[in-house]
$ cat query.pdb   # PDB, C-alpha atoms, pLDDT in the B column
ATOM      1  CA  MET A   1     158.651 -23.610  79.129  1.00 83.00           C
ATOM      2  CA  LEU A   2     157.389 -25.671  76.210  1.00 90.00           C
ATOM      3  CA  THR A   3     158.211 -29.374  76.122  1.00 94.00           C
ATOM      4  CA  THR A   4     157.817 -31.976  73.366  1.00 96.00           C
ATOM      5  CA  VAL A   5     156.367 -35.260  74.595  1.00 96.00           C
ATOM      6  CA  ALA A   6     155.806 -38.571  72.828  1.00 97.00           C
ATOM      7  CA  LEU A   7     152.206 -39.521  73.472  1.00 97.00           C
ATOM      8  CA  THR A   8     151.184 -42.669  75.299  1.00 97.00           C
ATOM      9  CA  PRO A   9     147.682 -44.057  75.886  1.00 95.00           C
ATOM     10  CA  VAL A  10     147.369 -42.108  79.170  1.00 95.00           C
ATOM     11  CA  ASP A  11     147.605 -38.815  77.227  1.00 96.00           C
ATOM     12  CA  PHE A  12     144.248 -39.253  75.518  1.00 95.00           C
ATOM     13  CA  LYS A  13     142.300 -36.662  77.523  1.00 94.00           C
ATOM     14  CA  ARG A  14     144.807 -33.827  76.974  1.00 95.00           C
ATOM     15  CA  TRP A  15     145.141 -34.799  73.280  1.00 94.00           C
ATOM     16  CA  ALA A  16     141.352 -34.749  72.822  1.00 93.00           C
ATOM     17  CA  GLU A  17     141.028 -31.401  74.610  1.00 93.00           C
ATOM     18  CA  HIS A  18     143.731 -29.888  72.378  1.00 94.00           C
ATOM     19  CA  LEU A  19     142.117 -31.216  69.179  1.00 92.00           C
ATOM     20  CA  THR A  20     138.730 -29.876  70.264  1.00 91.00           C
ATOM     21  CA  ARG A  21     140.211 -26.388  70.826  1.00 91.00           C
ATOM     22  CA  GLN A  22     142.177 -26.509  67.603  1.00 90.00           C
ATOM     23  CA  ILE A  23     139.314 -27.715  65.345  1.00 89.00           C
ATOM     24  CA  ALA A  24     137.122 -24.914  66.753  1.00 88.00           C
ATOM     25  CA  GLU A  25     139.621 -22.430  65.228  1.00 89.00           C
ATOM     26  CA  SER A  26     139.375 -23.810  61.663  1.00 86.00           C
ATOM     27  CA  GLY A  27     138.016 -21.137  59.320  1.00 85.00           C
ATOM     28  CA  ARG A  28     137.248 -18.717  62.168  1.00 86.00           C
ATOM     29  CA  ALA A  29     138.147 -15.027  62.367  1.00 83.00           C
ATOM     30  CA  GLY A  30     139.495 -14.904  58.804  1.00 81.00           C
ATOM     31  CA  ARG A  31     141.771 -17.918  59.225  1.00 82.00           C
ATOM     32  CA  PRO A  32     141.828 -20.557  56.502  1.00 83.00           C
ATOM     33  CA  PHE A  33     140.054 -23.850  57.002  1.00 85.00           C
ATOM     34  CA  PHE A  34     142.398 -26.674  57.932  1.00 87.00           C
ATOM     35  CA  SER A  35     139.939 -29.376  58.916  1.00 85.00           C
ATOM     36  CA  PRO A  36     136.980 -30.845  57.040  1.00 87.00           C
ATOM     37  CA  PHE A  37     135.188 -31.269  60.381  1.00 80.00           C
ATOM     38  CA  GLU A  38     133.177 -28.441  61.871  1.00 73.00           C
ATOM     39  CA  ALA A  39     132.789 -30.257  65.192  1.00 71.00           C
ATOM     40  CA  VAL A  40     134.053 -33.626  66.391  1.00 74.00           C
ATOM     41  CA  ASP A  41     133.475 -35.567  69.581  1.00 78.00           C
ATOM     42  CA  PHE A  42     137.121 -36.343  70.245  1.00 76.00           C
ATOM     43  CA  GLU A  43     136.393 -37.676  73.708  1.00 75.00           C
ATOM     44  CA  SER A  44     134.076 -40.539  72.701  1.00 84.00           C
ATOM     45  CA  PRO A  45     134.859 -43.996  74.121  1.00 91.00           C
ATOM     46  CA  GLU A  46     135.380 -45.341  70.578  1.00 92.00           C
ATOM     47  CA  ARG A  47     137.921 -42.631  69.752  1.00 90.00           C
ATOM     48  CA  ARG A  48     139.711 -43.239  73.070  1.00 93.00           C
ATOM     49  CA  ALA A  49     139.927 -46.987  72.382  1.00 95.00           C
ATOM     50  CA  ARG A  50     141.250 -46.388  68.850  1.00 94.00           C
ATOM     51  CA  PHE A  51     143.845 -43.880  70.131  1.00 95.00           C
ATOM     52  CA  GLU A  52     145.031 -46.212  72.874  1.00 95.00           C
ATOM     53  CA  SER A  53     145.214 -49.318  70.685  1.00 96.00           C
ATOM     54  CA  ARG A  54     146.916 -47.657  67.694  1.00 97.00           C
ATOM     55  CA  LEU A  55     149.675 -46.189  69.877  1.00 97.00           C
ATOM     56  CA  SER A  56     150.370 -49.726  71.108  1.00 96.00           C
ATOM     57  CA  ILE A  57     150.635 -51.381  67.676  1.00 97.00           C
ATOM     58  CA  PRO A  58     154.284 -52.151  66.876  1.00 96.00           C
ATOM     59  CA  LEU A  59     155.905 -50.934  63.691  1.00 95.00           C
ATOM     60  CA  PRO A  60     155.670 -51.960  60.886  1.00 93.00           C
ATOM     61  CA  GLN A  61     152.264 -53.543  61.564  1.00 95.00           C
ATOM     62  CA  PRO A  62     149.298 -51.937  59.756  1.00 96.00           C
ATOM     63  CA  THR A  63     147.396 -49.087  61.480  1.00 97.00           C
ATOM     64  CA  TRP A  64     150.092 -48.123  64.001  1.00 98.00           C
ATOM     65  CA  MET A  65     150.138 -44.499  65.128  1.00 98.00           C
ATOM     66  CA  ARG A  66     152.788 -42.437  66.842  1.00 98.00           C
ATOM     67  CA  ALA A  67     152.120 -38.918  68.075  1.00 98.00           C
ATOM     68  CA  TRP A  68     153.906 -36.059  69.765  1.00 98.00           C
ATOM     69  CA  ALA A  69     152.606 -32.936  71.442  1.00 98.00           C
ATOM     70  CA  ILE A  70     153.999 -29.675  72.688  1.00 98.00           C
ATOM     71  CA  GLU A  71     153.076 -29.223  76.311  1.00 96.00           C
ATOM     72  CA  GLY A  72     152.594 -25.670  77.568  1.00 91.00           C
ATOM     73  CA  PRO A  73     153.488 -24.380  81.020  1.00 83.00           C
ATOM     74  CA  ASP A  74     150.006 -25.280  82.299  1.00 91.00           C
ATOM     75  CA  GLU A  75     150.537 -28.916  81.137  1.00 92.00           C
ATOM     76  CA  ARG A  76     147.934 -28.669  78.379  1.00 95.00           C
ATOM     77  CA  PHE A  77     148.832 -29.644  74.840  1.00 97.00           C
ATOM     78  CA  ILE A  78     149.045 -26.688  72.447  1.00 97.00           C
ATOM     79  CA  ALA A  79     150.354 -28.429  69.306  1.00 97.00           C
ATOM     80  CA  HIS A  80     150.511 -31.974  68.004  1.00 97.00           C
ATOM     81  CA  LEU A  81     151.801 -34.141  65.185  1.00 98.00           C
ATOM     82  CA  ASP A  82     150.739 -37.679  64.412  1.00 97.00           C
ATOM     83  CA  LEU A  83     152.100 -40.254  61.980  1.00 98.00           C
ATOM     84  CA  ASN A  84     149.721 -42.996  60.912  1.00 97.00           C
ATOM     85  CA  ALA A  85     150.229 -46.237  59.043  1.00 97.00           C
ATOM     86  CA  SER A  86     147.801 -47.505  56.468  1.00 96.00           C
ATOM     87  CA  SER A  87     145.653 -50.564  57.051  1.00 96.00           C
ATOM     88  CA  ILE A  88     147.175 -52.001  53.861  1.00 96.00           C
ATOM     89  CA  PRO A  89     150.321 -54.082  54.578  1.00 94.00           C
ATOM     90  CA  ALA A  90     151.806 -53.224  51.162  1.00 96.00           C
ATOM     91  CA  GLU A  91     152.033 -49.576  52.295  1.00 96.00           C
ATOM     92  CA  LYS A  92     154.146 -50.225  55.387  1.00 94.00           C
ATOM     93  CA  HIS A  93     156.971 -48.097  53.947  1.00 96.00           C
ATOM     94  CA  ARG A  94     154.740 -44.982  54.124  1.00 97.00           C
ATOM     95  CA  ALA A  95     153.111 -42.907  56.868  1.00 98.00           C
ATOM     96  CA  THR A  96     150.495 -40.182  56.774  1.00 98.00           C
ATOM     97  CA  LEU A  97     151.093 -37.007  58.765  1.00 98.00           C
ATOM     98  CA  GLY A  98     148.651 -34.799  60.637  1.00 97.00           C
ATOM     99  CA  ILE A  99     149.713 -31.668  62.486  1.00 97.00           C
ATOM    100  CA  GLY A 100     148.088 -28.775  64.303  1.00 94.00           C
ATOM    101  CA  VAL A 101     149.062 -25.774  66.380  1.00 95.00           C
ATOM    102  CA  GLU A 102     146.592 -23.730  68.400  1.00 93.00           C
ATOM    103  CA  GLU A 103     146.231 -20.162  67.140  1.00 91.00           C
ATOM    104  CA  GLY A 104     147.702 -18.522  70.237  1.00 90.00           C
ATOM    105  CA  PHE A 105     150.988 -20.329  69.543  1.00 93.00           C
ATOM    106  CA  TYR A 106     151.453 -19.697  65.807  1.00 91.00           C
ATOM    107  CA  ARG A 107     154.840 -18.513  64.511  1.00 91.00           C
ATOM    108  CA  ARG A 108     156.886 -19.861  67.416  1.00 93.00           C
ATOM    109  CA  GLY A 109     158.586 -22.707  65.553  1.00 95.00           C
ATOM    110  CA  LEU A 110     156.408 -25.419  67.088  1.00 97.00           C
ATOM    111  CA  GLY A 111     155.415 -26.875  63.721  1.00 96.00           C
ATOM    112  CA  ARG A 112     159.069 -27.058  62.680  1.00 97.00           C
ATOM    113  CA  LYS A 113     160.040 -28.683  65.960  1.00 97.00           C
ATOM    114  CA  LEU A 114     157.348 -31.346  65.544  1.00 98.00           C
ATOM    115  CA  MET A 115     158.214 -31.908  61.871  1.00 98.00           C
ATOM    116  CA  LEU A 116     161.856 -32.546  62.798  1.00 97.00           C
ATOM    117  CA  GLU A 117     160.703 -35.083  65.396  1.00 97.00           C
ATOM    118  CA  ALA A 118     158.563 -36.895  62.812  1.00 98.00           C
ATOM    119  CA  ILE A 119     161.247 -36.932  60.113  1.00 98.00           C
ATOM    120  CA  GLU A 120     163.852 -38.252  62.561  1.00 97.00           C
ATOM    121  CA  PHE A 121     161.399 -40.934  63.703  1.00 98.00           C
ATOM    122  CA  ALA A 122     160.687 -41.925  60.091  1.00 98.00           C
ATOM    123  CA  THR A 123     164.397 -42.116  59.324  1.00 97.00           C
ATOM    124  CA  ARG A 124     165.132 -44.302  62.379  1.00 96.00           C
ATOM    125  CA  ASN A 125     162.224 -46.609  61.575  1.00 96.00           C
ATOM    126  CA  HIS A 126     162.841 -47.079  57.836  1.00 95.00           C
ATOM    127  CA  ILE A 127     159.720 -45.222  56.765  1.00 97.00           C
ATOM    128  CA  GLU A 128     160.516 -44.127  53.223  1.00 97.00           C
ATOM    129  CA  TRP A 129     157.688 -41.672  52.531  1.00 98.00           C
ATOM    130  CA  ILE A 130     155.587 -39.238  54.566  1.00 98.00           C
ATOM    131  CA  ASP A 131     152.318 -38.184  52.921  1.00 98.00           C
ATOM    132  CA  LEU A 132     149.879 -35.446  53.883  1.00 98.00           C
ATOM    133  CA  SER A 133     146.911 -33.439  52.707  1.00 97.00           C
ATOM    134  CA  VAL A 134     146.549 -29.690  53.128  1.00 97.00           C
ATOM    135  CA  PHE A 135     143.875 -27.219  52.080  1.00 95.00           C
ATOM    136  CA  ARG A 136     144.945 -24.903  49.258  1.00 95.00           C
ATOM    137  CA  ASP A 137     144.212 -21.744  51.293  1.00 93.00           C
ATOM    138  CA  ASN A 138     146.437 -22.820  54.193  1.00 94.00           C
ATOM    139  CA  GLN A 139     149.552 -21.085  52.890  1.00 94.00           C
ATOM    140  CA  ALA A 140     151.363 -21.090  56.246  1.00 93.00           C
ATOM    141  CA  ALA A 141     151.155 -24.889  56.425  1.00 95.00           C
ATOM    142  CA  ILE A 142     152.137 -25.285  52.772  1.00 97.00           C
ATOM    143  CA  GLY A 143     155.176 -23.095  53.424  1.00 97.00           C
ATOM    144  CA  LEU A 144     156.175 -25.283  56.376  1.00 97.00           C
ATOM    145  CA  TYR A 145     155.867 -28.447  54.315  1.00 98.00           C
ATOM    146  CA  ARG A 146     157.861 -26.987  51.408  1.00 98.00           C
ATOM    147  CA  TYR A 147     160.558 -25.891  53.868  1.00 98.00           C
ATOM    148  CA  PHE A 148     161.042 -29.566  54.745  1.00 98.00           C
ATOM    149  CA  GLY A 149     161.059 -30.668  51.109  1.00 98.00           C
ATOM    150  CA  PHE A 150     157.490 -31.906  50.648  1.00 98.00           C
ATOM    151  CA  GLU A 151     156.363 -31.783  47.038  1.00 98.00           C
ATOM    152  CA  GLU A 152     152.864 -31.388  45.685  1.00 98.00           C
ATOM    153  CA  ILE A 153     151.763 -34.576  43.938  1.00 98.00           C
ATOM    154  CA  GLY A 154     148.097 -33.904  43.355  1.00 97.00           C
ATOM    155  CA  ARG A 155     145.140 -31.684  43.889  1.00 97.00           C
ATOM    156  CA  ARG A 156     141.436 -32.297  44.316  1.00 97.00           C
ATOM    157  CA  ASP A 157     139.401 -29.227  43.459  1.00 96.00           C
ATOM    158  CA  ASP A 158     136.204 -28.713  45.460  1.00 96.00           C
ATOM    159  CA  ARG A 159     136.958 -31.738  47.644  1.00 95.00           C
ATOM    160  CA  PHE A 160     135.076 -30.382  50.641  1.00 94.00           C
ATOM    161  CA  ARG A 161     132.202 -28.004  51.249  1.00 93.00           C
ATOM    162  CA  ILE A 162     132.688 -26.445  54.657  1.00 89.00           C
ATOM    163  CA  SER A 163     130.248 -23.854  55.944  1.00 87.00           C
ATOM    164  CA  GLY A 164     128.966 -23.515  52.377  1.00 89.00           C
ATOM    165  CA  ARG A 165     132.437 -22.853  50.952  1.00 90.00           C
ATOM    166  CA  SER A 166     134.307 -24.984  48.409  1.00 93.00           C
ATOM    167  CA  VAL A 167     137.718 -26.119  49.665  1.00 93.00           C
ATOM    168  CA  ASP A 168     140.468 -27.550  47.437  1.00 96.00           C
ATOM    169  CA  ASP A 169     142.770 -30.220  48.865  1.00 97.00           C
ATOM    170  CA  ILE A 170     146.442 -30.660  47.970  1.00 98.00           C
ATOM    171  CA  SER A 171     148.356 -33.944  48.391  1.00 98.00           C
ATOM    172  CA  MET A 172     152.049 -33.630  49.271  1.00 98.00           C
ATOM    173  CA  THR A 173     154.788 -36.164  49.946  1.00 98.00           C
ATOM    174  CA  LEU A 174     158.332 -36.276  51.269  1.00 98.00           C
ATOM    175  CA  ARG A 175     160.864 -38.964  50.354  1.00 98.00           C
ATOM    176  CA  ILE A 176     162.863 -39.793  53.481  1.00 96.00           C
ATOM    177  CA  LYS A 177     166.553 -40.223  52.864  1.00 81.00           C
ATOM    178  CA  GLY A 178     167.736 -42.991  55.188  1.00 62.00           C
TER     179      GLY A 178
END
$ encode --input "query.pdb" --output "structure tokens"
Amino acid sequence: MLTTVALTPVDFKRWAEHLTRQIAESGRAGRPFFSPFEAVDFESPERRARFESRLSIPLPQPTWMRAWAIEGPDERFIAHLDLNASSIPAEKHRATLGIGVEEGFYRRGLGRKLMLEAIEFATRNHIEWIDLSVFRDNQAAIGLYRYFGFEEIGRRDDRFRISGRSVDDISMTLRIKG
């Protein structure tokens, strides 16, 4: 059985393990790139401290973070979604979204389930806009975002060079109807 959980500071280790597995899949075996990082030390003490403190920051204070994960039957996280506030107080009506699903769990509705959680959270907490970035080649993710009403608002050609390949980045946003 798969369960959605709201992350707390004690979930750092499972979150970091999931992100490490997921990032390792970016651009591999014919899949599109979805991360500008080829390898990240998600389990560093600095990253742990940032994760723990940002989850504890109350809304609408700058730099808060809220995150959810899908927990598999073996209690490991297999998908996640995070909403992040800017460090700029004048942007407190917006949040930036990050999402990822491990390859072995694609096409099971986990992304949609997490997106619904995030949109409901934004609605309850008077967040008016959710912003995100997605690589142009990641058509599955773009389809998910369009399904929920995200609109493309910009594009940066050749934003990243990953493994010697140029990657275009698309900015999308969703206006939350409260």
$ resolve_selection --input "query.pdb" --expression "the PyMOL selection byres ((chain A and resi 105) around 12)" --output "list in words"
Leu2, Gln22, Ile70, Glu71, Gly72, Phe77, Ile78, Ala79, His80, Gly100, Val101, Glu102, Glu103, Gly104, Tyr106, Arg107, Arg108, Gly109, Leu110 and Gly111 of chain A
$ write_last_selection --input "query.pdb" --atoms "C-alpha atoms" --output "short mmCIF file (atom, residue, chain, number, x, y, z; two decimals), in the frame of the given file"
data_model
loop_
_atom_site.label_atom_id
_atom_site.label_comp_id
_atom_site.auth_asym_id
_atom_site.auth_seq_id
_atom_site.Cartn_x
_atom_site.Cartn_y
_atom_site.Cartn_z
CA LEU A 2 157.39 -25.67 76.21
CA GLN A 22 142.18 -26.51 67.60
CA ILE A 70 154.00 -29.68 72.69
CA GLU A 71 153.08 -29.22 76.31
CA GLY A 72 152.59 -25.67 77.57
CA PHE A 77 148.83 -29.64 74.84
CA ILE A 78 149.04 -26.69 72.45
CA ALA A 79 150.35 -28.43 69.31
CA HIS A 80 150.51 -31.97 68.00
CA GLY A 100 148.09 -28.78 64.30
CA VAL A 101 149.06 -25.77 66.38
CA GLU A 102 146.59 -23.73 68.40
CA GLU A 103 146.23 -20.16 67.14
CA GLY A 104 147.70 -18.52 70.24
CA TYR A 106 151.45 -19.70 65.81
CA ARG A 107 154.84 -18.51 64.51
CA ARG A 108 156.89 -19.86 67.42
CA GLY A 109 158.59 -22.71 65.55
CA LEU A 110 156.41 -25.42 67.09
CA GLY A 111 155.42 -26.88 63.72
#
$ closest_atom_pairs --input "query.pdb" --of "segment 62-130 of chain A" --to "segment 148-159 of chain A" --cutoff "10 Å" --atoms "all atoms listed in the file" --output "CSV"
residue,atom,partner,partner_atom,distance
A:Arg112,CA,A:Phe148,CA,8.6
A:Met115,CA,A:Phe148,CA,8.0
A:Leu116,CA,A:Phe148,CA,8.6
A:Ile119,CA,A:Phe148,CA,9.1
A:Trp129,CA,A:Phe150,CA,9.9
A:Ile130,CA,A:Phe150,CA,8.5
$ closest_residue --input "query.pdb" --among "A:Arg175, A:His18, A:Arg161, A:Arg76" --to "Met1 of chain A" --atoms "only C-alpha atoms"
A:Arg76
$ resolve_selection --input "query.pdb" --expression "the PyMOL selection byres ((chain A and resi 168) around 12)" --output "PDB file with C-alpha atoms, keeping the file's coordinate frame"
ATOM      1  CA  PRO A  32     141.828 -20.557  56.502  1.00 83.00           C
ATOM      2  CA  PHE A  33     140.054 -23.850  57.002  1.00 85.00           C
ATOM      3  CA  PHE A  34     142.398 -26.674  57.932  1.00 87.00           C
ATOM      4  CA  SER A  35     139.939 -29.376  58.916  1.00 85.00           C
ATOM      5  CA  PRO A  36     136.980 -30.845  57.040  1.00 87.00           C
ATOM      6  CA  SER A 133     146.911 -33.439  52.707  1.00 97.00           C
ATOM      7  CA  VAL A 134     146.549 -29.690  53.128  1.00 97.00           C
ATOM      8  CA  PHE A 135     143.875 -27.219  52.080  1.00 95.00           C
ATOM      9  CA  ARG A 136     144.945 -24.903  49.258  1.00 95.00           C
ATOM     10  CA  ASP A 137     144.212 -21.744  51.293  1.00 93.00           C
ATOM     11  CA  ASN A 138     146.437 -22.820  54.193  1.00 94.00           C
ATOM     12  CA  GLY A 154     148.097 -33.904  43.355  1.00 97.00           C
ATOM     13  CA  ARG A 155     145.140 -31.684  43.889  1.00 97.00           C
ATOM     14  CA  ARG A 156     141.436 -32.297  44.316  1.00 97.00           C
ATOM     15  CA  ASP A 157     139.401 -29.227  43.459  1.00 96.00           C
ATOM     16  CA  ASP A 158     136.204 -28.713  45.460  1.00 96.00           C
ATOM     17  CA  ARG A 159     136.958 -31.738  47.644  1.00 95.00           C
ATOM     18  CA  PHE A 160     135.076 -30.382  50.641  1.00 94.00           C
ATOM     19  CA  ARG A 161     132.202 -28.004  51.249  1.00 93.00           C
ATOM     20  CA  ILE A 162     132.688 -26.445  54.657  1.00 89.00           C
ATOM     21  CA  ARG A 165     132.437 -22.853  50.952  1.00 90.00           C
ATOM     22  CA  SER A 166     134.307 -24.984  48.409  1.00 93.00           C
ATOM     23  CA  VAL A 167     137.718 -26.119  49.665  1.00 93.00           C
ATOM     24  CA  ASP A 169     142.770 -30.220  48.865  1.00 97.00           C
ATOM     25  CA  ILE A 170     146.442 -30.660  47.970  1.00 98.00           C
ATOM     26  CA  SER A 171     148.356 -33.944  48.391  1.00 98.00           C
TER      27      SER A 171
END
$ residues_around --input "query.pdb" --residues "Arg54 of chain A" --least-positions-apart "4" --cutoff "6 Å" --atoms "all atoms listed in the file" --output "PyMOL selection string"
chain A and resi 50+64-65
$ write_last_selection --input "query.pdb" --atoms "C-alpha atoms" --output "CSV table (one decimal), keeping the file's coordinate frame"
chain,number,residue,atom,x,y,z
A,50,ARG,CA,141.2,-46.4,68.8
A,64,TRP,CA,150.1,-48.1,64.0
A,65,MET,CA,150.1,-44.5,65.1
$ resolve_selection --input "query.pdb" --expression "the PyMOL selection byres ((chain A and resi 60) around 6)" --output "count of residues only"
3
$ closest_residue --input "query.pdb" --among "A:Trp15, A:Thr173, A:Phe42, A:Ser56" --to "Thr96 of chain A" --atoms "only C-alpha atoms"
A:Thr173
$ atom_distance --input "query.pdb" --atom1 "atom CA of Met172 of chain A" --atom2 "atom CA of Ile88 of chain A"
19.6 Å
$ closest_residue --input "query.pdb" --among "A:Val10, A:Ala24, A:Leu144, A:Leu55" --to "Val40 of chain A" --atoms "all atoms listed in the file"
A:Ala24
$ residues_around --input "query.pdb" --residues "Leu83 of chain A" --least-positions-apart "6" --cutoff "7 Å" --atoms "only C-alpha atoms" --output "list in words"
Met65, Arg66, Ala67, Ala95, Thr96, Leu97 and Gly98 of chain A
$ closest_residue --input "query.pdb" --among "A:Pro89, A:Gly143, A:Gly27, A:Pro9" --to "Glu52 of chain A" --atoms "all atoms listed in the file"
A:Pro9
$ atom_distance --input "query.pdb" --atom1 "atom CA of Gly30 of chain A" --atom2 "atom CA of Trp68 of chain A"
27.8 Å
$ atom_distance --input "query.pdb" --atom1 "atom CA of Ala69 of chain A" --atom2 "atom CA of Glu25 of chain A"
17.8 Å
$ residues_near_point --input "query.pdb" --point "(162.1, -47.5, 64.4)" --cutoff "12 Å" --atoms "only C-alpha atoms" --output "PyMOL selection string"
chain A and resi 58-61+66+93+118-128+178
$ axis_aligned_box --input "query.pdb" --around "segment 54-60 of chain A" --padding-each-side "5 Å" --output "lines of an AutoDock Vina configuration file"
center_x = 151.4
center_y = -49.2
center_z = 66.0
size_x = 19.0
size_y = 16.0
size_z = 20.2
$ closest_residue --input "query.pdb" --among "A:Glu75, A:Ser26, A:Ala140, A:Ala16" --to "Arg48 of chain A" --atoms "only C-alpha atoms"
A:Ala16
